[in-house]
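Peer 1: Next up, start-v7.pdb (PDB, C-alpha atoms).
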```pdb
ATOM      1  CA  MET A   1      -7.832  17.463  15.899
ATOM      2  CA  ASP A   2      -7.223  14.815  18.539
ATOM      3  CA  SER A   3      -3.701  14.102  19.686
ATOM      4  CA  ALA A   4      -1.567  11.403  18.084
ATOM      5  CA  PRO A   5      -1.606   8.083  19.944
ATOM      6  CA  THR A   6       1.406   7.232  22.057
ATOM      7  CA  LEU A   7       2.809   3.866  20.994
ATOM      8  CA  PRO A   8       5.603   1.796  22.523
ATOM      9  CA  GLY A   9       8.847   2.811  20.860
ATOM     10  CA  ALA A  10       7.375   5.937  19.263
ATOM     11  CA  HIS A  11      10.189   8.252  18.281
ATOM     12  CA  PRO A  12      10.731  11.546  20.117
ATOM     13  CA  GLN A  13      10.139  14.764  18.226
ATOM     14  CA  PHE A  14      13.503  16.093  17.053
ATOM     15  CA  GLY A  15      12.195  18.175  14.145
ATOM     16  CA  VAL A  16       9.239  20.385  13.269
ATOM     17  CA  HIS A  17       6.843  17.486  12.666
ATOM     18  CA  PRO A  18       5.242  15.598  15.565
ATOM     19  CA  PRO A  19       4.894  11.814  15.239
ATOM     20  CA  ALA A  20       2.504  10.511  12.604
ATOM     21  CA  ARG A  21      -1.133  10.362  13.633
ATOM     22  CA  ARG A  22      -1.852   7.170  11.692
ATOM     23  CA  THR A  23       0.242   4.491  10.006
ATOM     24  CA  ILE A  24      -0.756   2.102   7.213
ATOM     25  CA  VAL A  25       1.112  -0.904   5.840
ATOM     26  CA  HIS A  26       0.502  -0.985   2.088
ATOM     27  CA  LEU A  27       1.082  -4.306   0.277
ATOM     28  CA  SER A  28       0.057  -5.277  -3.226
ATOM     29  CA  ASP A  29      -0.193  -8.052  -5.802
ATOM     30  CA  THR A  30       0.204 -11.225  -3.787
ATOM     31  CA  HIS A  31      -1.038 -13.403  -6.719
ATOM     32  CA  LEU A  32      -1.502 -16.598  -4.701
ATOM     33  CA  LEU A  33      -2.410 -19.847  -6.447
ATOM     34  CA  ALA A  34      -4.231 -22.848  -4.990
ATOM     35  CA  ALA A  35      -1.903 -25.489  -3.506
ATOM     36  CA  ASN A  36       0.861 -22.875  -3.821
ATOM     37  CA  ARG A  37       1.617 -23.815  -7.415
ATOM     38  CA  PRO A  38       4.543 -21.700  -8.636
ATOM     39  CA  LEU A  39       3.300 -18.620 -10.466
ATOM     40  CA  GLY A  40       4.439 -18.774 -14.073
ATOM     41  CA  GLY A  41       6.247 -21.969 -13.161
ATOM     42  CA  ARG A  42       8.884 -20.018 -11.229
ATOM     43  CA  TYR A  43       7.633 -17.719  -8.445
ATOM     44  CA  ASP A  44       6.855 -19.050  -4.955
ATOM     45  CA  THR A  45       4.215 -16.468  -4.135
ATOM     46  CA  ALA A  46       3.424 -17.891  -0.690
ATOM     47  CA  ALA A  47       7.074 -17.831   0.394
ATOM     48  CA  ASN A  48       7.473 -14.291  -0.941
ATOM     49  CA  LEU A  49       4.389 -13.177   0.991
ATOM     50  CA  GLU A  50       5.749 -14.783   4.163
ATOM     51  CA  ALA A  51       9.047 -12.962   3.617
ATOM     52  CA  THR A  52       7.152  -9.683   3.217
ATOM     53  CA  MET A  53       5.236 -10.179   6.441
ATOM     54  CA  ALA A  54       8.462 -11.035   8.248
ATOM     55  CA  ALA A  55       9.922  -7.780   6.965
ATOM     56  CA  VAL A  56       6.895  -5.853   8.217
ATOM     57  CA  THR A  57       7.349  -7.491  11.622
ATOM     58  CA  ARG A  58      11.004  -6.429  11.745
ATOM     59  CA  THR A  59       9.990  -2.772  11.407
ATOM     60  CA  GLY A  60       8.271  -2.941  14.791
ATOM     61  CA  VAL A  61       5.362  -0.928  13.382
ATOM     62  CA  ARG A  62       1.889  -1.212  14.925
ATOM     63  CA  PRO A  63      -0.209  -0.059  11.960
ATOM     64  CA  ASP A  64      -3.743   1.246  12.025
ATOM     65  CA  ALA A  65      -4.512  -0.920   8.976
ATOM     66  CA  ILE A  66      -2.953  -3.272   6.460
ATOM     67  CA  VAL A  67      -4.117  -2.440   2.945
ATOM     68  CA  VAL A  68      -3.579  -4.957   0.126
ATOM     69  CA  THR A  69      -4.280  -3.270  -3.204
ATOM     70  CA  GLY A  70      -5.465  -6.091  -5.392
ATOM     71  CA  ASP A  71      -4.476  -9.132  -7.423
ATOM     72  CA  LEU A  72      -4.810 -11.021  -4.185
ATOM     73  CA  THR A  73      -4.882 -14.282  -6.128
ATOM     74  CA  ASP A  74      -3.769 -15.009  -9.667
ATOM     75  CA  LEU A  75      -6.777 -16.958 -10.938
ATOM     76  CA  GLY A  76      -9.480 -16.178  -8.389
ATOM     77  CA  GLU A  77      -9.443 -19.734  -6.999
ATOM     78  CA  PRO A  78     -11.437 -20.232  -3.759
ATOM     79  CA  ASP A  79      -8.621 -22.270  -2.218
ATOM     80  CA  ALA A  80      -6.148 -19.476  -2.944
ATOM     81  CA  TYR A  81      -8.339 -16.954  -1.108
ATOM     82  CA  ARG A  82      -8.630 -19.335   1.844
ATOM     83  CA  SER A  83      -4.849 -19.735   1.955
ATOM     84  CA  LEU A  84      -4.339 -15.982   1.734
ATOM     85  CA  ARG A  85      -6.735 -15.345   4.576
ATOM     86  CA  ALA A  86      -5.192 -18.069   6.746
ATOM     87  CA  THR A  87      -1.773 -16.493   6.210
ATOM     88  CA  VAL A  88      -2.505 -12.780   6.546
ATOM     89  CA  GLU A  89      -5.266 -12.538   9.149
ATOM     90  CA  PRO A  90      -3.268 -14.081  12.048
ATOM     91  CA  PHE A  91      -0.346 -11.815  11.145
ATOM     92  CA  ALA A  92      -2.619  -8.763  11.136
ATOM     93  CA  GLY A  93      -4.288  -9.887  14.339
ATOM     94  CA  ALA A  94      -0.926 -10.053  16.106
ATOM     95  CA  LEU A  95      -0.378  -6.427  15.062
ATOM     96  CA  GLY A  96      -3.877  -5.423  16.112
ATOM     97  CA  ALA A  97      -4.682  -4.114  12.626
ATOM     98  CA  PRO A  98      -7.638  -4.690  10.295
ATOM     99  CA  VAL A  99      -6.936  -6.037   6.815
ATOM    100  CA  ILE A 100      -8.462  -4.084   3.946
ATOM    101  CA  TRP A 101      -8.722  -6.252   0.835
ATOM    102  CA  VAL A 102      -8.913  -4.457  -2.528
ATOM    103  CA  ALA A 103      -9.977  -6.260  -5.698
ATOM    104  CA  GLY A 104      -7.643  -6.410  -8.703
ATOM    105  CA  ASN A 105      -7.937  -7.559 -12.290
ATOM    106  CA  HIS A 106      -6.711 -11.084 -11.463
ATOM    107  CA  ASP A 107      -9.335 -11.448  -8.747
ATOM    108  CA  GLU A 108     -12.821 -12.874  -9.142
ATOM    109  CA  ARG A 109     -15.415 -10.946  -7.175
ATOM    110  CA  PRO A 110     -17.654 -13.895  -6.145
ATOM    111  CA  ALA A 111     -14.760 -15.975  -4.784
ATOM    112  CA  LEU A 112     -13.132 -12.950  -3.146
ATOM    113  CA  ARG A 113     -16.353 -12.012  -1.391
ATOM    114  CA  ALA A 114     -16.913 -15.558  -0.136
ATOM    115  CA  GLY A 115     -13.319 -16.362   0.758
ATOM    116  CA  LEU A 116     -12.156 -13.126   2.378
ATOM    117  CA  LEU A 117     -15.294 -11.239   3.404
ATOM    118  CA  ASP A 118     -17.732 -14.048   4.293
ATOM    119  CA  GLY A 119     -20.118 -12.362   1.889
ATOM    120  CA  ALA A 120     -22.452 -13.447  -0.873
ATOM    121  CA  SER A 121     -20.789 -14.724  -4.045
ATOM    122  CA  THR A 122     -21.917 -11.892  -6.296
ATOM    123  CA  GLN A 123     -20.403  -9.758  -9.041
ATOM    124  CA  GLU A 124     -21.080  -6.565  -7.092
ATOM    125  CA  PRO A 125     -17.999  -4.314  -6.791
ATOM    126  CA  VAL A 126     -15.930  -4.941  -3.668
ATOM    127  CA  THR A 127     -15.968  -1.544  -2.001
ATOM    128  CA  GLY A 128     -15.895  -0.329   1.574
ATOM    129  CA  VAL A 129     -15.266   2.496   4.020
ATOM    130  CA  TRP A 130     -13.160   2.248   7.181
ATOM    131  CA  ASP A 131     -12.741   4.758   9.993
ATOM    132  CA  LEU A 132      -9.131   4.503  11.196
ATOM    133  CA  GLY A 133      -9.433   6.788  14.187
ATOM    134  CA  GLY A 134     -10.622   9.745  12.139
ATOM    135  CA  LEU A 135      -8.695   8.861   8.981
ATOM    136  CA  ARG A 136     -11.140   7.535   6.397
ATOM    137  CA  LEU A 137     -10.016   4.737   4.068
ATOM    138  CA  ILE A 138     -12.165   4.096   1.002
ATOM    139  CA  ALA A 139     -11.610   0.968  -1.072
ATOM    140  CA  LEU A 140     -12.735   1.124  -4.691
ATOM    141  CA  ASP A 141     -13.079  -1.795  -7.106
ATOM    142  CA  SER A 142     -11.438  -1.037 -10.452
ATOM    143  CA  SER A 143     -11.680  -4.651 -11.644
ATOM    144  CA  VAL A 144     -13.786  -5.428 -14.707
ATOM    145  CA  PRO A 145     -15.198  -8.980 -14.736
ATOM    146  CA  GLY A 146     -13.684 -10.907 -17.636
ATOM    147  CA  TRP A 147     -11.049  -8.276 -18.430
ATOM    148  CA  HIS A 148      -7.664  -7.069 -17.176
ATOM    149  CA  HIS A 149      -7.991  -3.325 -17.745
ATOM    150  CA  GLY A 150      -9.459  -1.130 -15.028
ATOM    151  CA  ASP A 151     -12.634   0.925 -14.842
ATOM    152  CA  LEU A 152     -14.964   2.694 -12.438
ATOM    153  CA  ASP A 153     -18.559   2.765 -13.644
ATOM    154  CA  ALA A 154     -21.071   5.544 -13.050
ATOM    155  CA  ASP A 155     -22.689   3.800 -10.088
ATOM    156  CA  GLN A 156     -19.399   3.387  -8.235
ATOM    157  CA  LEU A 157     -18.406   6.982  -8.944
ATOM    158  CA  ALA A 158     -21.788   8.184  -7.682
ATOM    159  CA  TRP A 159     -21.311   6.126  -4.503
ATOM    160  CA  LEU A 160     -17.836   7.603  -4.023
ATOM    161  CA  SER A 161     -19.182  11.132  -4.480
ATOM    162  CA  LYS A 162     -21.834  10.503  -1.830
ATOM    163  CA  VAL A 163     -19.273   9.161   0.662
ATOM    164  CA  LEU A 164     -16.939  12.117   0.074
ATOM    165  CA  ALA A 165     -19.722  14.671   0.559
ATOM    166  CA  GLU A 166     -18.914  14.749   4.272
ATOM    167  CA  PRO A 167     -15.221  15.278   5.152
ATOM    168  CA  ALA A 168     -13.453  13.041   7.667
ATOM    169  CA  PRO A 169     -11.582  14.492  10.682
ATOM    170  CA  LEU A 170      -8.145  13.456   9.393
ATOM    171  CA  GLY A 171      -9.045  13.361   5.709
ATOM    172  CA  THR A 172      -9.427  10.446   3.321
ATOM    173  CA  VAL A 173      -7.151   7.909   1.649
ATOM    174  CA  VAL A 174      -8.505   6.087  -1.427
ATOM    175  CA  ALA A 175      -7.241   2.609  -2.335
ATOM    176  CA  LEU A 176      -7.770   0.882  -5.667
ATOM    177  CA  HIS A 177      -5.847  -1.541  -7.852
ATOM    178  CA  HIS A 178      -5.301   0.272 -11.169
ATOM    179  CA  PRO A 179      -3.376   3.520 -10.584
ATOM    180  CA  PRO A 180      -4.613   6.656 -12.352
ATOM    181  CA  LEU A 181      -1.074   7.284 -13.627
ATOM    182  CA  PRO A 182       0.750   6.770 -16.897
ATOM    183  CA  SER A 183       3.397   4.059 -17.149
ATOM    184  CA  HIS A 184       6.540   4.150 -19.269
ATOM    185  CA  ILE A 185       5.983   0.423 -19.970
ATOM    186  CA  PRO A 186       3.762   0.099 -23.077
ATOM    187  CA  PHE A 187       1.677  -2.923 -22.124
ATOM    188  CA  PHE A 188       0.514  -1.340 -18.861
ATOM    189  CA  ASP A 189      -1.143   1.512 -20.737
ATOM    190  CA  ILE A 190      -3.318  -1.046 -22.542
ATOM    191  CA  LEU A 191      -4.512  -2.159 -19.109
ATOM    192  CA  GLU A 192      -4.894   1.326 -17.644
ATOM    193  CA  LEU A 193      -7.776   2.681 -15.596
ATOM    194  CA  ARG A 194     -10.610   3.976 -17.775
ATOM    195  CA  HIS A 195     -12.812   7.024 -16.992
ATOM    196  CA  GLN A 196     -10.023   8.850 -15.216
ATOM    197  CA  ALA A 197     -11.502  12.244 -16.091
ATOM    198  CA  GLU A 198     -14.761  11.307 -14.387
ATOM    199  CA  LEU A 199     -12.861  10.118 -11.304
ATOM    200  CA  ALA A 200     -10.973  13.412 -11.205
ATOM    201  CA  GLU A 201     -14.276  15.305 -11.209
ATOM    202  CA  VAL A 202     -15.499  13.329  -8.189
ATOM    203  CA  LEU A 203     -12.258  13.886  -6.280
ATOM    204  CA  ALA A 204     -12.094  17.616  -7.017
ATOM    205  CA  GLY A 205     -12.581  19.659  -3.862
ATOM    206  CA  SER A 206     -12.818  16.595  -1.635
ATOM    207  CA  ASP A 207     -10.747  15.741   1.433
ATOM    208  CA  VAL A 208      -8.837  12.937  -0.350
ATOM    209  CA  ARG A 209      -5.189  13.308   0.632
ATOM    210  CA  ALA A 210      -3.643  10.242  -1.013
ATOM    211  CA  ILE A 211      -4.382   7.421  -3.444
ATOM    212  CA  LEU A 212      -2.888   3.943  -2.924
ATOM    213  CA  ALA A 213      -2.635   1.510  -5.823
ATOM    214  CA  GLY A 214      -0.840  -1.548  -7.187
ATOM    215  CA  HIS A 215      -1.049  -3.380 -10.537
ATOM    216  CA  LEU A 216       2.327  -2.290 -11.963
ATOM    217  CA  HIS A 217       4.586  -4.632  -9.965
ATOM    218  CA  TYR A 218       7.014  -1.778  -9.399
ATOM    219  CA  SER A 219       6.998   1.176  -7.031
ATOM    220  CA  THR A 220       6.205   4.543  -8.527
ATOM    221  CA  SER A 221       4.466   7.769  -7.563
ATOM    222  CA  GLY A 222       2.863  10.797  -9.141
ATOM    223  CA  THR A 223      -0.138  13.060  -8.844
ATOM    224  CA  PHE A 224      -3.688  12.720 -10.114
ATOM    225  CA  ALA A 225      -6.098  15.648  -9.964
ATOM    226  CA  GLY A 226      -3.586  17.270  -7.638
ATOM    227  CA  ILE A 227      -3.614  14.273  -5.258
ATOM    228  CA  PRO A 228      -0.466  12.237  -4.545
ATOM    229  CA  VAL A 229      -0.624   8.681  -5.894
ATOM    230  CA  SER A 230       1.620   5.948  -4.471
ATOM    231  CA  VAL A 231       1.970   2.554  -6.162
ATOM    232  CA  ALA A 232       3.361  -0.335  -4.130
ATOM    233  CA  ALA A 233       5.426  -3.007  -5.851
ATOM    234  CA  ALA A 234       4.239  -6.609  -5.736
ATOM    235  CA  THR A 235       5.066  -9.182  -3.094
ATOM    236  CA  CYS A 236       5.041 -12.023  -5.672
ATOM    237  CA  TYR A 237       7.527 -10.688  -8.255
ATOM    238  CA  THR A 238       8.526  -7.287  -9.561
ATOM    239  CA  MET A 239       9.367  -5.805 -12.951
ATOM    240  CA  ASN A 240      12.994  -5.615 -14.007
ATOM    241  CA  LEU A 241      13.166  -1.962 -15.031
ATOM    242  CA  GLN A 242      16.837  -2.259 -16.050
ATOM    243  CA  ARG A 243      15.658  -3.031 -19.557
ATOM    244  CA  PRO A 244      14.188  -0.988 -22.418
ATOM    245  CA  PRO A 245      10.467  -0.343 -21.810
ATOM    246  CA  ALA A 246       9.302  -2.714 -24.557
ATOM    247  CA  SER A 247      11.231  -5.639 -23.055
ATOM    248  CA  VAL A 248      10.568  -5.145 -19.334
ATOM    249  CA  ASN A 249       9.636  -8.450 -17.683
ATOM    250  CA  GLY A 250       9.273  -9.975 -14.243
ATOM    251  CA  MET A 251      12.015 -10.994 -11.826
ATOM    252  CA  ASP A 252      12.056 -12.731  -8.452
ATOM    253  CA  ALA A 253      13.760  -9.791  -6.735
ATOM    254  CA  GLY A 254      13.087  -6.270  -5.527
ATOM    255  CA  GLN A 255       9.941  -7.087  -3.553
ATOM    256  CA  SER A 256       8.908  -4.312  -1.182
ATOM    257  CA  PHE A 257       6.010  -2.783   0.712
ATOM    258  CA  HIS A 258       5.143   0.751   1.776
ATOM    259  CA  LEU A 259       4.849   2.347   5.183
ATOM    260  CA  VAL A 260       2.309   5.155   4.921
ATOM    261  CA  HIS A 261       2.637   7.760   7.675
ATOM    262  CA  VAL A 262      -0.193  10.272   8.009
ATOM    263  CA  TYR A 263       0.695  13.640   9.565
ATOM    264  CA  ASP A 264      -1.433  16.739   9.993
ATOM    265  CA  ASP A 265      -0.152  18.402   6.839
ATOM    266  CA  ALA A 266       1.642  15.607   4.984
ATOM    267  CA  ILE A 267       1.485  11.934   4.095
ATOM    268  CA  THR A 268       4.701  10.016   3.395
ATOM    269  CA  HIS A 269       5.036   6.720   1.510
ATOM    270  CA  THR A 270       8.227   4.865   2.411
ATOM    271  CA  VAL A 271       9.373   1.975   0.207
ATOM    272  CA  VAL A 272      10.705  -0.822   2.444
ATOM    273  CA  PRO A 273      12.726  -3.552   0.689
ATOM    274  CA  VAL A 274      11.887  -7.088   1.754
ATOM    275  CA  VAL A 275      15.423  -8.427   1.325
ATOM    276  CA  GLU A 276      17.495  -8.974   4.468
ATOM    277  CA  ALA A 277      21.007  -7.515   4.381
ATOM    278  CA  GLU A 278      23.846  -6.981   6.805
ATOM    279  CA  THR A 279      23.130  -3.788   8.706
ATOM    280  CA  SER A 280      25.403  -1.607  10.778
ATOM    281  CA  GLU A 281      24.496  -0.879  14.394
ATOM    282  CA  TYR A 282      25.549   2.758  14.844
ATOM    283  CA  PHE A 283      22.048   4.133  15.357
ATOM    284  CA  SER A 284      20.257   2.381  18.207
ATOM    285  CA  PRO A 285      17.509   2.987  20.776
ATOM    286  CA  GLU A 286      20.274   3.973  23.187
ATOM    287  CA  TRP A 287      21.614   6.528  20.700
ATOM    288  CA  VAL A 288      18.117   7.979  20.229
ATOM    289  CA  ALA A 289      17.590   8.115  23.993
ATOM    290  CA  ALA A 290      20.905   9.955  24.397
ATOM    291  CA  MET A 291      19.844  12.500  21.767
ATOM    292  CA  ALA A 292      16.485  12.922  23.494
ATOM    293  CA  ARG A 293      18.242  13.974  26.695
ATOM    294  CA  LEU A 294      19.964  16.861  24.918
ATOM    295  CA  THR A 295      18.573  20.273  24.131
ATOM    296  CA  PRO A 296      17.915  21.074  20.456
ATOM    297  CA  GLU A 297      21.108  23.156  20.365
ATOM    298  CA  GLU A 298      23.121  20.352  21.948
ATOM    299  CA  ARG A 299      21.746  17.859  19.433
ATOM    300  CA  LEU A 300      22.850  20.056  16.543
ATOM    301  CA  GLU A 301      26.289  20.375  18.075
ATOM    302  CA  ALA A 302      26.562  16.632  18.681
ATOM    303  CA  PHE A 303      25.202  15.391  15.360
ATOM    304  CA  SER A 304      24.962  18.185  12.812
ATOM    305  CA  ARG A 305      28.290  19.994  13.107
ATOM    306  CA  LYS A 306      30.940  18.718  10.703
ATOM    307  CA  PRO A 307      34.286  17.820  12.273
ATOM    308  CA  THR A 308      37.060  20.347  11.850
ATOM    309  CA  VAL A 309      39.730  19.170   9.426
TER     310      VAL A 309
END
```
Can you present the structure in this file as structure tokens?
Peer 2:
Amino acid sequence: MDSAPTLPGAHPQFGVHPPARRTIVHLSDTHLLAANRPLGGRYDTAANLEATMAAVTRTGVRPDAIVVTGDLTDLGEPDAYRSLRATVEPFAGALGAPVIWVAGNHDERPALRAGLLDGASTQEPVTGVWDLGGLRLIALDSSVPGWHHGDLDADQLAWLSKVLAEPAPLGTVVALHHPPLPSHIPFFDILELRHQAELAEVLAGSDVRAILAGHLHYSTSGTFAGIPVSVAAATCYTMNLQRPPASVNGMDAGQSFHLVHVYDDAITHTVVPVVEAETSEYFSPEWVAAMARLTPEERLEAFSRKPTV
């Protein structure tokens, strides 16, 4: 394997794991409306997306890609796709990262293709393959025109099987909207991904190391066919899980995104809250630099040993 890239501000290696080889920013469920009409009469989806991008900027990360896992707009309006593109692409360009758009159940394939991909306005699934310096990212389209549940038809599964026939140097990450996971919220199971068993057969024995998804408007994780699945919460609004499952509803709080760090033998999915809060200043670049000047034994003595009472 090639060596990990050296980036400005990359952390020194204090533990057994070297720095991540690749980093992905994972957003989901932006749900923009044309003319920025408030979603459901209450959610300012454009302002919440701007706040999310500001939070990403504050991390200082220089990602290899920005992946947005579906429900890019709420009604599939062409103007909403144009607004989304005008907002996100300059932000991604400043970070030097490609944007990978994934279709969701609220999206309309023809308008998505025209507005975000400069493609033909067709009902063909919005799929793609990206080489992120040896890490392969495959976008699937689990949307079903005219419906809100998810599905992957035989043609798309056959295409996925063909792509996965040849492994990638750093493995593969699959992104789709509907997660192949159960939900404890009843109405989400009505809108679940169909043909999960067939998907599991295609993924069996492949180099897929992680699955990224959205749809649920809350962060969760699990495994599918032995592969870790990570669901990012929405940028527009999230689900208030402090209620019994049958009465869970949306709230304008708790928005977050994920930082996906790809290591040789592990992939981590870090939930980053969008909210700004007062933060202490104990740990700093100067503190890290001071630790870097010490030997491993000196670092343990300086930071790990408990004070004597």
Peer 1: Per residue of range 152-244 of chain A within 9 Å of range 60-71 of chain A, record the nearest atom pair and its distance in Å to one decimal, counting all atoms listed in the file, with rows in chain order and ascending residue number, as CSV.
Peer 2:
```
residue,atom,partner,partner_atom,distance
A:Ala175,CA,A:Thr69,CA,6.6
A:Leu176,CA,A:Thr69,CA,6.0
A:His177,CA,A:Gly70,CA,5.2
A:His178,CA,A:Gly70,CA,8.6
A:Leu212,CA,A:Thr69,CA,7.4
A:Ala213,CA,A:Thr69,CA,5.7
A:Gly214,CA,A:Thr69,CA,5.5
A:His215,CA,A:Gly70,CA,7.3
A:Ala232,CA,A:Thr69,CA,8.2
```
Peer 1: Identify which of the residues A:Asp74, A:Glu201, A:Glu286, A:Asp252 lies closest to Gly226 in chain A, counting only C-alpha atoms when measuring atom-to-atom distances.
Peer 2: A:Glu201
Peer 1: Could you tell me which residues the PyMOL selection byres ((chain A and resi 137) around 6) returns for this structure, as a PyMOL selection string?
Peer 2: chain A and resi 129-130+136+138+172-174
Peer 1: Just want the 9 Å neighbourhood of Thr122 in chain A, counted on all atoms listed in the file, with same-chain residues fewer than 3 positions away dropped. Output as an NGL selection string.
Peer 2: :A and (109-111 or 113-114 or 119 or 125)
Peer 1: Pick the closest to Ser304 in chain A from A:Leu84, A:Met291, A:Ile211, A:Val202: which is it, counting only C-alpha atoms?
Peer 2: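 Closest residue, counting only C-alpha atoms: A:Met291.
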Peer 1: Can you pull out the residues contacting range 301-303 of chain A? Cut-off 12 Å, using only C-alpha atoms, and skip same-chain residues under 5 positions away; I want them as a list in words.
Peer 2: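 Once the nearby chain positions are removed, what remains is Phe14, Phe283, Trp287, Val288, Ala290, Met291, Ala292, Arg293, Leu294, Thr295 and Pro296 of chain A.
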Peer 1: Since the input lacks atoms, please generate all heavy atoms for range 189-196 of chain A and provide them as a tab-separated table (two decimals), in the coordinates of the input.
Peer 2:
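Generated file (selection.tsv):
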```tsv
chain	number	residue	atom	x	y	z
A	189	ASP	N	-0.18	0.50	-20.28
A	189	ASP	CA	-1.14	1.51	-20.74
A	189	ASP	C	-2.34	0.87	-21.43
A	189	ASP	O	-3.42	1.46	-21.46
A	189	ASP	CB	-0.46	2.52	-21.66
A	189	ASP	CG	0.33	3.57	-20.88
A	189	ASP	OD1	0.11	3.69	-19.66
A	189	ASP	OD2	1.17	4.26	-21.47
A	190	ILE	N	-2.17	-0.33	-21.99
A	190	ILE	CA	-3.32	-1.05	-22.54
A	190	ILE	C	-4.28	-1.42	-21.42
A	190	ILE	O	-5.50	-1.42	-21.60
A	190	ILE	CB	-2.85	-2.32	-23.29
A	190	ILE	CG1	-1.88	-1.96	-24.41
A	190	ILE	CG2	-4.06	-3.09	-23.84
A	190	ILE	CD1	-1.26	-3.17	-25.09
A	191	LEU	N	-3.73	-1.70	-20.25
A	191	LEU	CA	-4.51	-2.16	-19.11
A	191	LEU	C	-4.78	-1.05	-18.10
A	191	LEU	O	-4.99	-1.30	-16.92
A	191	LEU	CB	-3.79	-3.33	-18.41
A	191	LEU	CG	-3.40	-4.50	-19.30
A	191	LEU	CD1	-2.67	-5.56	-18.49
A	191	LEU	CD2	-4.63	-5.10	-19.98
A	192	GLU	N	-4.76	0.19	-18.55
A	192	GLU	CA	-4.89	1.33	-17.64
A	192	GLU	C	-6.31	1.46	-17.10
A	192	GLU	O	-7.25	0.80	-17.56
A	192	GLU	CB	-4.50	2.62	-18.36
A	192	GLU	CG	-5.48	3.04	-19.44
A	192	GLU	CD	-5.04	4.28	-20.18
A	192	GLU	OE1	-4.02	4.86	-19.82
A	192	GLU	OE2	-5.74	4.66	-21.15
A	193	LEU	N	-6.48	2.35	-16.16
A	193	LEU	CA	-7.78	2.68	-15.60
A	193	LEU	C	-8.55	3.57	-16.56
A	193	LEU	O	-8.04	4.62	-16.98
A	193	LEU	CB	-7.59	3.39	-14.25
A	193	LEU	CG	-8.86	3.84	-13.53
A	193	LEU	CD1	-9.65	2.62	-13.02
A	193	LEU	CD2	-8.52	4.78	-12.38
A	194	ARG	N	-9.75	3.17	-16.91
A	194	ARG	CA	-10.61	3.98	-17.77
A	194	ARG	C	-11.40	4.98	-16.94
A	194	ARG	O	-11.51	4.88	-15.74
A	194	ARG	CB	-11.58	3.09	-18.56
A	194	ARG	CG	-10.89	1.93	-19.30
A	194	ARG	CD	-9.94	2.42	-20.38
A	194	ARG	NE	-9.19	1.34	-20.99
A	194	ARG	CZ	-9.59	0.64	-22.06
A	194	ARG	NH1	-10.77	0.90	-22.59
A	194	ARG	NH2	-8.83	-0.30	-22.55
A	195	HIS	N	-11.99	5.98	-17.61
A	195	HIS	CA	-12.81	7.02	-16.99
A	195	HIS	C	-12.07	7.78	-15.90
A	195	HIS	O	-12.61	8.10	-14.84
A	195	HIS	CB	-14.12	6.42	-16.43
A	195	HIS	CG	-15.06	5.93	-17.49
A	195	HIS	ND1	-15.19	4.59	-17.80
A	195	HIS	CD2	-15.88	6.60	-18.33
A	195	HIS	CE1	-16.06	4.44	-18.79
A	195	HIS	NE2	-16.49	5.66	-19.14
A	196	GLN	N	-10.81	8.09	-16.19
A	196	GLN	CA	-10.02	8.85	-15.22
A	196	GLN	C	-10.53	10.29	-15.08
A	196	GLN	O	-10.50	10.86	-13.99
A	196	GLN	CB	-8.55	8.83	-15.61
A	196	GLN	CG	-7.91	7.46	-15.49
A	196	GLN	CD	-6.41	7.47	-15.71
A	196	GLN	OE1	-5.74	8.48	-15.46
A	196	GLN	NE2	-5.87	6.35	-16.18
```
